[in-house]
Structures are given as structure tokens and as C-alpha cells.
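Undergrad: This is model-v1.cif, which holds mmCIF, C-alpha atoms and all ligand atoms:
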```cif
data_input
loop_
_atom_site.label_atom_id
_atom_site.label_comp_id
_atom_site.auth_asym_id
_atom_site.auth_seq_id
_atom_site.Cartn_x
_atom_site.Cartn_y
_atom_site.Cartn_z
CA MET A 4 108.21 312.11 120.47
CA PRO A 5 105.69 311.07 123.09
CA GLU A 6 107.39 309.95 126.27
CA LEU A 7 106.02 308.30 129.39
CA PRO A 8 103.67 311.14 130.49
CA GLU A 9 102.16 311.59 127.03
CA VAL A 10 101.63 307.86 126.51
CA GLU A 11 100.17 307.57 130.02
CA THR A 12 97.76 310.41 129.21
CA ILE A 13 96.63 308.76 126.00
CA ALA A 14 96.08 305.39 127.71
CA ARG A 15 94.13 306.94 130.61
CA GLN A 16 91.88 308.89 128.28
CA LEU A 17 91.27 306.06 125.89
CA ALA A 18 90.40 303.48 128.56
CA PRO A 19 86.98 304.81 129.68
CA ALA A 20 85.90 305.31 126.05
CA VAL A 21 86.69 301.79 124.87
CA VAL A 22 86.79 299.31 127.78
CA GLY A 23 83.91 296.84 127.54
CA ARG A 24 83.27 297.47 123.85
CA ARG A 25 83.47 294.55 121.44
CA VAL A 26 85.77 294.42 118.45
CA VAL A 27 83.98 294.60 115.13
CA GLY A 28 87.11 294.46 112.99
CA VAL A 29 90.66 295.63 112.43
CA SER A 30 91.89 297.34 109.28
CA VAL A 31 95.55 297.95 108.67
CA LEU A 32 95.48 300.63 105.99
CA ASP A 33 99.19 301.29 105.58
CA PRO A 34 101.09 298.38 103.94
CA ARG A 35 104.26 299.37 105.75
CA LEU A 36 102.46 298.86 109.04
CA ARG A 37 101.14 295.49 107.94
CA GLU A 38 104.67 294.10 107.59
CA GLY A 39 105.51 294.90 111.19
CA ALA A 40 102.18 293.89 112.65
CA GLY A 41 101.98 290.55 110.85
CA PRO A 42 98.66 288.91 110.03
CA THR A 43 95.82 290.07 112.21
CA PRO A 44 94.76 287.31 114.59
CA GLY A 45 91.13 286.52 115.30
CA VAL A 46 89.86 289.57 117.12
CA ARG A 47 86.21 289.86 116.15
CA GLY A 48 83.94 289.55 119.14
CA ARG A 49 86.62 290.05 121.73
CA ALA A 50 85.90 292.75 124.31
CA VAL A 51 88.40 295.46 125.22
CA ALA A 52 89.55 294.51 128.72
CA GLY A 53 91.85 297.43 129.40
CA VAL A 54 94.12 300.14 128.04
CA ARG A 55 97.37 300.98 129.72
CA ARG A 56 100.91 302.08 129.14
CA ALA A 57 103.93 299.76 129.07
CA GLY A 58 107.12 301.80 128.73
CA LYS A 59 106.40 304.13 125.82
CA ARG A 60 103.80 301.84 124.25
CA VAL A 61 100.05 301.90 124.56
CA LEU A 62 98.65 298.44 125.21
CA ILE A 63 95.08 297.65 124.29
CA GLU A 64 94.14 294.37 125.95
CA LEU A 65 91.51 292.28 124.22
CA GLY A 66 89.83 289.66 126.37
CA PRO A 67 89.64 285.98 125.39
CA ARG A 68 87.34 284.95 122.53
CA THR A 69 85.96 282.05 124.49
CA ARG A 70 85.76 281.31 128.17
CA GLY A 71 89.15 280.14 129.42
CA GLY A 72 90.89 281.40 126.27
CA ASP A 73 93.89 283.68 126.12
CA PRO A 74 93.84 287.46 126.01
CA LEU A 75 95.58 289.31 123.23
CA TRP A 76 97.32 292.66 123.26
CA LEU A 77 97.65 295.30 120.60
CA ALA A 78 100.82 297.28 121.37
CA VAL A 79 101.09 300.68 119.70
CA HIS A 80 104.35 302.59 119.60
CA LEU A 81 103.64 306.17 118.55
CA ARG A 82 107.26 307.20 117.82
CA MET A 83 107.43 310.74 116.44
CA THR A 84 103.99 311.66 115.21
CA GLY A 85 101.67 308.75 115.98
CA ARG A 86 98.29 309.41 117.56
CA LEU A 87 95.44 307.26 118.80
CA LEU A 88 92.12 308.97 118.30
CA TRP A 89 88.76 307.80 119.57
CA ARG A 90 85.83 308.59 117.31
CA GLU A 91 82.23 307.77 118.15
CA ALA A 92 80.40 305.93 115.41
CA SER A 93 78.17 308.95 114.75
CA GLY A 94 81.03 311.13 113.54
CA ASP A 95 83.06 308.30 112.18
CA ARG A 96 84.88 309.93 109.27
CA ARG A 97 88.31 308.56 108.51
CA PRO A 98 90.85 311.01 109.96
CA GLU A 99 93.79 312.24 107.92
CA ARG A 100 96.95 310.12 107.90
CA ALA A 101 95.08 307.12 109.27
CA ARG A 102 97.26 303.99 109.20
CA ALA A 103 95.06 301.54 111.10
CA ARG A 104 91.63 301.27 112.63
CA LEU A 105 90.30 299.17 115.47
CA ALA A 106 86.57 299.21 114.90
CA LEU A 107 84.49 298.65 118.04
CA ASP A 108 80.79 298.64 118.64
CA GLY A 109 79.91 302.30 118.90
CA GLY A 110 83.12 303.81 117.53
CA SER A 111 86.68 303.35 116.36
CA VAL A 112 90.21 303.81 117.60
CA TRP A 113 92.22 305.31 114.75
CA PHE A 114 95.99 305.20 114.57
CA THR A 115 97.15 308.24 112.62
CA ASP A 116 100.78 309.03 111.93
CA THR A 117 102.14 311.73 109.62
CA ARG A 118 105.70 310.47 109.47
CA ARG A 119 104.72 306.77 109.52
CA LEU A 120 107.44 305.78 112.00
CA GLY A 121 105.06 304.36 114.58
CA THR A 122 104.43 300.62 114.84
CA ILE A 123 101.72 298.26 115.95
CA GLU A 124 102.32 294.72 117.11
CA TRP A 125 100.09 291.88 118.24
CA ILE A 126 101.31 290.29 121.47
CA ARG A 127 100.05 286.84 122.43
CA ARG A 128 102.16 286.03 125.47
CA SER A 129 101.82 288.04 128.69
CA GLU A 130 105.58 287.78 129.31
CA ASP A 131 106.18 289.82 126.15
CA VAL A 132 104.00 292.67 127.37
CA GLU A 133 106.26 294.39 129.86
CA PRO A 134 109.27 296.44 128.74
CA GLU A 135 112.78 295.34 129.63
CA GLY A 136 113.62 298.36 131.81
CA ILE A 137 111.97 299.35 135.09
CA ASP A 138 108.95 301.59 134.82
CA PRO A 139 109.73 304.64 136.97
CA MET A 140 106.06 305.01 137.94
CA THR A 141 105.84 301.55 139.52
CA ALA A 142 106.58 300.47 143.09
CA ALA A 143 109.58 298.50 141.78
CA PHE A 144 111.34 301.78 141.07
CA THR A 145 113.01 302.52 144.42
CA ALA A 146 116.13 304.55 145.19
CA ALA A 147 117.93 301.30 146.04
CA ARG A 148 116.95 299.78 142.71
CA LEU A 149 118.02 302.88 140.83
CA ARG A 150 121.35 302.84 142.63
CA ALA A 151 121.95 299.19 141.74
CA LEU A 152 121.21 299.98 138.09
CA VAL A 153 123.21 303.18 137.70
CA GLU A 154 126.14 302.99 140.09
CA GLY A 155 128.55 301.08 137.85
CA SER A 156 127.74 303.04 134.69
CA ARG A 157 130.43 305.08 132.95
CA GLU A 158 127.92 306.60 130.56
CA PRO A 159 126.93 310.24 130.95
CA LEU A 160 123.77 310.41 133.07
CA LYS A 161 121.70 312.02 130.34
CA THR A 162 122.48 309.25 127.86
CA TRP A 163 121.95 306.62 130.54
CA LEU A 164 118.47 307.94 131.34
CA LEU A 165 117.45 307.35 127.72
CA ARG A 166 118.33 303.64 127.84
CA GLN A 167 115.03 301.79 127.68
CA ASP A 168 116.64 298.59 129.00
CA ARG A 169 117.35 300.42 132.28
CA LEU A 170 114.39 302.77 132.84
CA ALA A 171 111.45 302.43 130.48
CA GLY A 172 109.65 305.48 129.21
CA LEU A 173 112.06 308.41 129.40
CA GLY A 174 113.00 310.45 126.35
CA ASN A 175 114.93 313.59 125.57
CA ILE A 176 112.62 316.13 127.18
CA TYR A 177 112.16 314.51 130.56
CA ALA A 178 115.77 313.30 130.87
CA SER A 179 116.93 316.93 130.76
CA GLU A 180 114.16 318.07 133.10
CA ILE A 181 114.85 315.32 135.64
CA LEU A 182 118.58 316.09 135.80
CA HIS A 183 117.87 319.78 136.34
CA ARG A 184 115.45 319.03 139.13
CA ALA A 185 118.00 316.66 140.70
CA ARG A 186 120.71 319.35 140.38
CA LEU A 187 122.95 316.85 138.59
CA SER A 188 125.11 317.63 135.57
CA PRO A 189 124.19 315.57 132.48
CA LEU A 190 127.92 314.94 132.06
CA ARG A 191 128.26 313.08 135.37
CA THR A 192 128.46 309.30 135.26
CA GLY A 193 126.82 306.70 137.47
CA THR A 194 130.21 305.80 138.97
CA SER A 195 130.54 309.36 140.37
CA LEU A 196 127.22 309.43 142.21
CA GLU A 197 127.00 309.56 146.01
CA PRO A 198 124.02 307.86 147.67
CA SER A 199 122.47 311.31 148.24
CA ASP A 200 122.80 312.07 144.50
CA VAL A 201 120.96 308.85 143.64
CA ARG A 202 118.19 309.70 146.11
CA ARG A 203 117.77 313.12 144.48
CA LEU A 204 117.74 311.54 141.03
CA HIS A 205 115.10 309.06 142.17
CA ARG A 206 112.89 311.74 143.72
CA ALA A 207 113.27 314.06 140.73
CA THR A 208 112.36 311.30 138.27
CA ARG A 209 109.12 310.57 140.08
CA ARG A 210 108.26 314.20 140.67
CA VAL A 211 108.85 315.41 137.12
CA LEU A 212 106.89 312.53 135.62
CA GLU A 213 103.99 312.90 138.07
CA ARG A 214 103.69 316.60 137.33
CA ALA A 215 103.91 316.05 133.60
CA ILE A 216 101.18 313.39 133.76
CA ARG A 217 99.02 315.79 135.76
CA ALA A 218 99.52 318.39 133.01
CA SER A 219 98.55 315.79 130.35
CA GLY A 220 102.10 315.82 128.99
CA THR A 221 104.13 318.23 126.91
CA THR A 222 103.04 319.48 123.52
CA PHE A 223 105.90 319.90 121.09
CA SER A 224 105.07 319.89 117.40
CA ASP A 225 102.82 316.90 116.89
CA TYR A 226 101.79 315.32 120.14
CA ARG A 227 98.04 315.17 120.74
CA ASP A 228 96.10 313.07 123.20
CA SER A 229 93.25 310.75 122.26
CA ARG A 230 90.82 313.68 122.08
CA GLY A 231 93.13 315.55 119.70
CA GLU A 232 94.23 318.01 122.38
CA GLY A 233 97.71 318.93 123.59
CA GLY A 234 99.20 318.85 127.08
CA SER A 235 100.40 321.87 129.07
CA TYR A 236 103.68 320.80 130.63
CA GLN A 237 105.62 322.78 128.01
CA ASN A 238 104.77 325.87 130.09
CA ARG A 239 106.59 324.40 133.06
CA LEU A 240 109.76 323.16 131.40
CA ALA A 241 112.80 324.29 133.37
CA VAL A 242 115.52 323.69 130.78
CA TYR A 243 114.28 321.83 127.70
CA ASP A 244 114.40 324.05 124.59
CA ARG A 245 115.38 327.05 126.77
CA ALA A 246 119.02 327.55 125.68
CA GLY A 247 120.24 331.10 126.36
CA ARG A 248 117.39 331.80 128.75
CA THR A 249 117.56 332.35 132.49
CA CYS A 250 117.43 329.49 134.95
CA ARG A 251 114.50 330.10 137.26
CA ARG A 252 116.37 328.48 140.13
CA CYS A 253 119.79 330.18 140.08
CA ARG A 254 119.45 332.96 137.45
CA GLY A 255 122.29 331.33 135.48
CA THR A 256 122.08 330.79 131.73
CA ILE A 257 120.76 327.55 130.30
CA GLU A 258 123.00 325.86 127.77
CA ARG A 259 122.50 323.34 125.00
CA ILE A 260 125.06 320.61 124.38
CA VAL A 261 124.94 317.49 122.21
CA GLN A 262 125.24 314.05 123.77
CA GLY A 263 124.80 310.91 121.71
CA GLN A 264 123.60 313.07 118.75
CA ARG A 265 120.77 314.48 120.83
CA SER A 266 120.33 317.87 122.43
CA THR A 267 120.78 318.17 126.17
CA TYR A 268 119.62 321.31 127.94
CA TRP A 269 121.05 322.12 131.35
CA CYS A 270 122.13 324.86 133.72
CA PRO A 271 125.86 324.76 134.60
CA GLY A 272 125.07 327.19 137.42
CA CYS A 273 123.07 324.79 139.55
CA GLN A 274 123.70 321.31 138.11
CA ALA A 275 126.99 319.85 139.32
ZN ZN A 301 120.39 327.09 137.43
#
```
Let me see the structure of the file written as C-alpha cells.
TA:
Amino acid sequence: MPELPEVETIARQLAPAVVGRRVVGVSVLDPRLREGAGPTPGVRGRAVAGVRRAGKRVLIELGPRTRGGDPLWLAVHLRMTGRLLWREASGDRRPERARARLALDGGSVWFTDTRRLGTIEWIRRSEDVEPEGIDPMTAAFTAARLRALVEGSREPLKTWLLRQDRLAGLGNIYASEILHRARLSPLRTGTSLEPSDVRRLHRATRRVLERAIRASGTTFSDYRDSRGEGGSYQNRLAVYDRAGRTCRRCRGTIERIVQGQRSTYWCPGCQA
């Protein structure tokens, strides 16, 4: 499932291809998607004003239809297998598993999705754009803020990191990677953390995400960026999907446990 770095990569790549182009039309091809998205509002003639990430969603901002009007956002949640592909008009064949199309002058953004778990949603109010949790890549994410959020929690740290109402954008891969980098056991709880632990967790969160973004994300199974290519961070994973293998930091053995029905990978040798 694409997490923050993969969604960030898709948004950054898509932006230069589509910003400034005018909307020619929107087609929702999958009826299941139409239920969630609701009726398509008036979009023809609007110009794409920006593409960015909000939590794990890609936001395509469409400028106002008339001077002084309101912008409109198309929020795309890719879930397991969703992709956003940019195709120039010249090679504009419908890709496989296409569920929706945003036709622009000069090309189209296609939403493809093998497992059909992704969603699209039209957002009309700017206050509905931002996710509930703090985005760890913004200036608002400080060690002090993290401490205030986590210190009273009795949840295991790994499960806590997945809570989108606390930190927005983390998923199973990066939660394990962050805890390994911070040398913290996934079984620890917020209540047990010393200020120095929180500072390490804060630094590790930033560092792991920055490096993953630089590597264009992690490719596991289905993730592809907007050009249909994968990322390379899977070559740098320290613990995720490495059960039984050697920890590159302490030479201990990486273990897999299950927390909240999801796999956690960690090294008991150097995460305490
Ligand atoms: Zn280790």
C-alpha cells in the first residue's frame, strides 16, 4: 500500500505534467467508484492549480471556474493497488484497470486500480482538505509536538505510528523502519518513553521518510509512480520483510511478530 513517500513521489511527478492544463472532462468508469465520489461537479474549463499530497491522499487542485470563485479538489486515495498515470494525448490509449479519467487539454490522468479498493472524492471546502493527524514532513511536526501526542499512549509504538489521527501518512513498512532507526522496540508504549527516546523517534521519522522520498518510495508488489515506474527504497530496508536475516547494525537476527493483525519486523538485538 502506498505510504507517505510513494504518494509524495506521485504528486511531485504529476504536478509538472498537469499544472496549468484545463479540464476537458471527467469520466468515472467504475460504478463502485461513482458511489463514493458522488456526482461530478462542474469541472470543465477549470485549470489544474496544483498537485500535492495530504496524508496518504493525492490532491489535485482545480482553480475556480470564474474569477473570485472557489477552487475544488479531487482527492485520490490509492489504497492497495491504485495508480495515477499521466498519458499525453498522442498515446492516449485507455490503460488496463482504468477506473476514472481526468481529461485535460493535451493528455489525461488515469486512475487505475486492480483491486478496486482506492477511492476518489470531490472536496469543496478547504478545511476538509488536510488530514486529521500531523504530517511528519511539515514544520508542525516537532519533537515537542510528537512528545505531547505520544507520551500518554498505552498502545504499542508500532500500532500507534499507524494511527492516521495522530501522524498522517505512515503505514506498515515505514513504521517498522522508523522504529528500527530510532532503536526503539515496537512493543514499547508512549508512556515508557524518555525525552531522549522521543527525540530519536522524531529524528528517525523525518530521516527515514526523507530518504524514502529521495529514492522515489518502495516498490512492493503493485506500487508504481505516475510514469509507471517503481521506487528503489526496497533495497535499503533495514527490517521490513527481512525476518530471519541479519541486522546490518548489530548482526542480530530480525524477527517478525504480529501486532494489530499486521506484521511488524524488528531487531530485538538493537531495539529496546
Ligand atoms: Zn540489530
Undergrad: Taking all atoms listed in the file into account, which residues have an atom no farther than 8 Å from ligand ZN 301 (chain A)? I'd like them as a ChimeraX atom specification.
TA: /A:183,249-257,269-274
Undergrad: A:Lys161: which residues within 10 Å, counting all atoms listed in the file, same-chain residues fewer than 4 positions away excluded, as a ChimeraX atom specification?
TA: /A:165-166,174-175,177-179,181-182,187-192,262-263,265-268
Undergrad: Would you write out those residues with C-alpha atoms, as an mmCIF file, in the coordinates of the input?
TA:
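Dumped to result13.cif:
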```
data_model
loop_
_atom_site.group_PDB
_atom_site.id
_atom_site.type_symbol
_atom_site.label_atom_id
_atom_site.label_comp_id
_atom_site.auth_asym_id
_atom_site.auth_seq_id
_atom_site.Cartn_x
_atom_site.Cartn_y
_atom_site.Cartn_z
ATOM 1 C CA LEU A 165 117.450 307.350 127.720
ATOM 2 C CA ARG A 166 118.330 303.640 127.840
ATOM 3 C CA GLY A 174 113.000 310.450 126.350
ATOM 4 C CA ASN A 175 114.930 313.590 125.570
ATOM 5 C CA TYR A 177 112.160 314.510 130.560
ATOM 6 C CA ALA A 178 115.770 313.300 130.870
ATOM 7 C CA SER A 179 116.930 316.930 130.760
ATOM 8 C CA ILE A 181 114.850 315.320 135.640
ATOM 9 C CA LEU A 182 118.580 316.090 135.800
ATOM 10 C CA LEU A 187 122.950 316.850 138.590
ATOM 11 C CA SER A 188 125.110 317.630 135.570
ATOM 12 C CA PRO A 189 124.190 315.570 132.480
ATOM 13 C CA LEU A 190 127.920 314.940 132.060
ATOM 14 C CA ARG A 191 128.260 313.080 135.370
ATOM 15 C CA THR A 192 128.460 309.300 135.260
ATOM 16 C CA GLN A 262 125.240 314.050 123.770
ATOM 17 C CA GLY A 263 124.800 310.910 121.710
ATOM 18 C CA ARG A 265 120.770 314.480 120.830
ATOM 19 C CA SER A 266 120.330 317.870 122.430
ATOM 20 C CA THR A 267 120.780 318.170 126.170
ATOM 21 C CA TYR A 268 119.620 321.310 127.940
#
```
Undergrad: Edge lengths and centre, in Å to one decimal, as JSON: that's what I need for the box along x, y and z that holds all listed atoms of stretch 108-112 of chain A plus 6 Å on each side.
TA:
```
{"center_x": 85.1, "center_y": 301.2, "center_z": 117.6, "size_x": 22.3, "size_y": 17.2, "size_z": 14.5}
```
Undergrad: Find the residue from A:Glu154, A:Ala246, A:Thr84, A:Leu170 that sits nearest to A:Arg118; use all atoms listed in the file when measuring.
TA: A:Thr84
Undergrad: Mind pulling up the distance from atom CA of A:Arg202 to atom CA of A:Arg248?
TA: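 Separation of atom CA of A:Arg248 and atom CA of A:Arg202: 28.1 Å.
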Undergrad: At a cut-off of 9 Å, using only C-alpha atoms, what residues contact A:Arg150? Leave out same-chain residues fewer than 2 positions from it and give the result as number ranges by chain.
TA: A: 145-148, 152-155, 193, 196, 198, 201-202, 205
Undergrad: Taking into account only C-alpha atoms, which residue in the set A:Val27, A:Asp138, A:Phe144, A:Trp76 is nearest to A:Leu107?
TA: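 Once distances to A:Leu107 are computed over only C-alpha atoms, the minimum belongs to A:Val27.
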Undergrad: Counting only C-alpha atoms, write as a PDB file with C-alpha atoms, in the coordinates of the input all protein and nucleic acid residues lying at most 8 Å from (100.4, 320.8, 130.6) in the file's frame.
TA:
```
ATOM      1  CA  ALA A 215     103.910 316.050 133.600  1.00  0.00           C
ATOM      2  CA  ARG A 217      99.020 315.790 135.760  1.00  0.00           C
ATOM      3  CA  ALA A 218      99.520 318.390 133.010  1.00  0.00           C
ATOM      4  CA  SER A 219      98.550 315.790 130.350  1.00  0.00           C
ATOM      5  CA  GLY A 220     102.100 315.820 128.990  1.00  0.00           C
ATOM      6  CA  THR A 221     104.130 318.230 126.910  1.00  0.00           C
ATOM      7  CA  THR A 222     103.040 319.480 123.520  1.00  0.00           C
ATOM      8  CA  GLY A 233      97.710 318.930 123.590  1.00  0.00           C
ATOM      9  CA  GLY A 234      99.200 318.850 127.080  1.00  0.00           C
ATOM     10  CA  SER A 235     100.400 321.870 129.070  1.00  0.00           C
ATOM     11  CA  TYR A 236     103.680 320.800 130.630  1.00  0.00           C
ATOM     12  CA  GLN A 237     105.620 322.780 128.010  1.00  0.00           C
ATOM     13  CA  ASN A 238     104.770 325.870 130.090  1.00  0.00           C
ATOM     14  CA  ARG A 239     106.590 324.400 133.060  1.00  0.00           C
TER      15      ARG A 239
END
```
Undergrad: Which residue out of A:Leu240, A:Ala151, A:Pro19, A:Gly85 has the minimum interatomic distance to A:Arg214 when all atoms listed in the file are used?
TA: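 Smallest separation from A:Arg214 among the options: A:Leu240.
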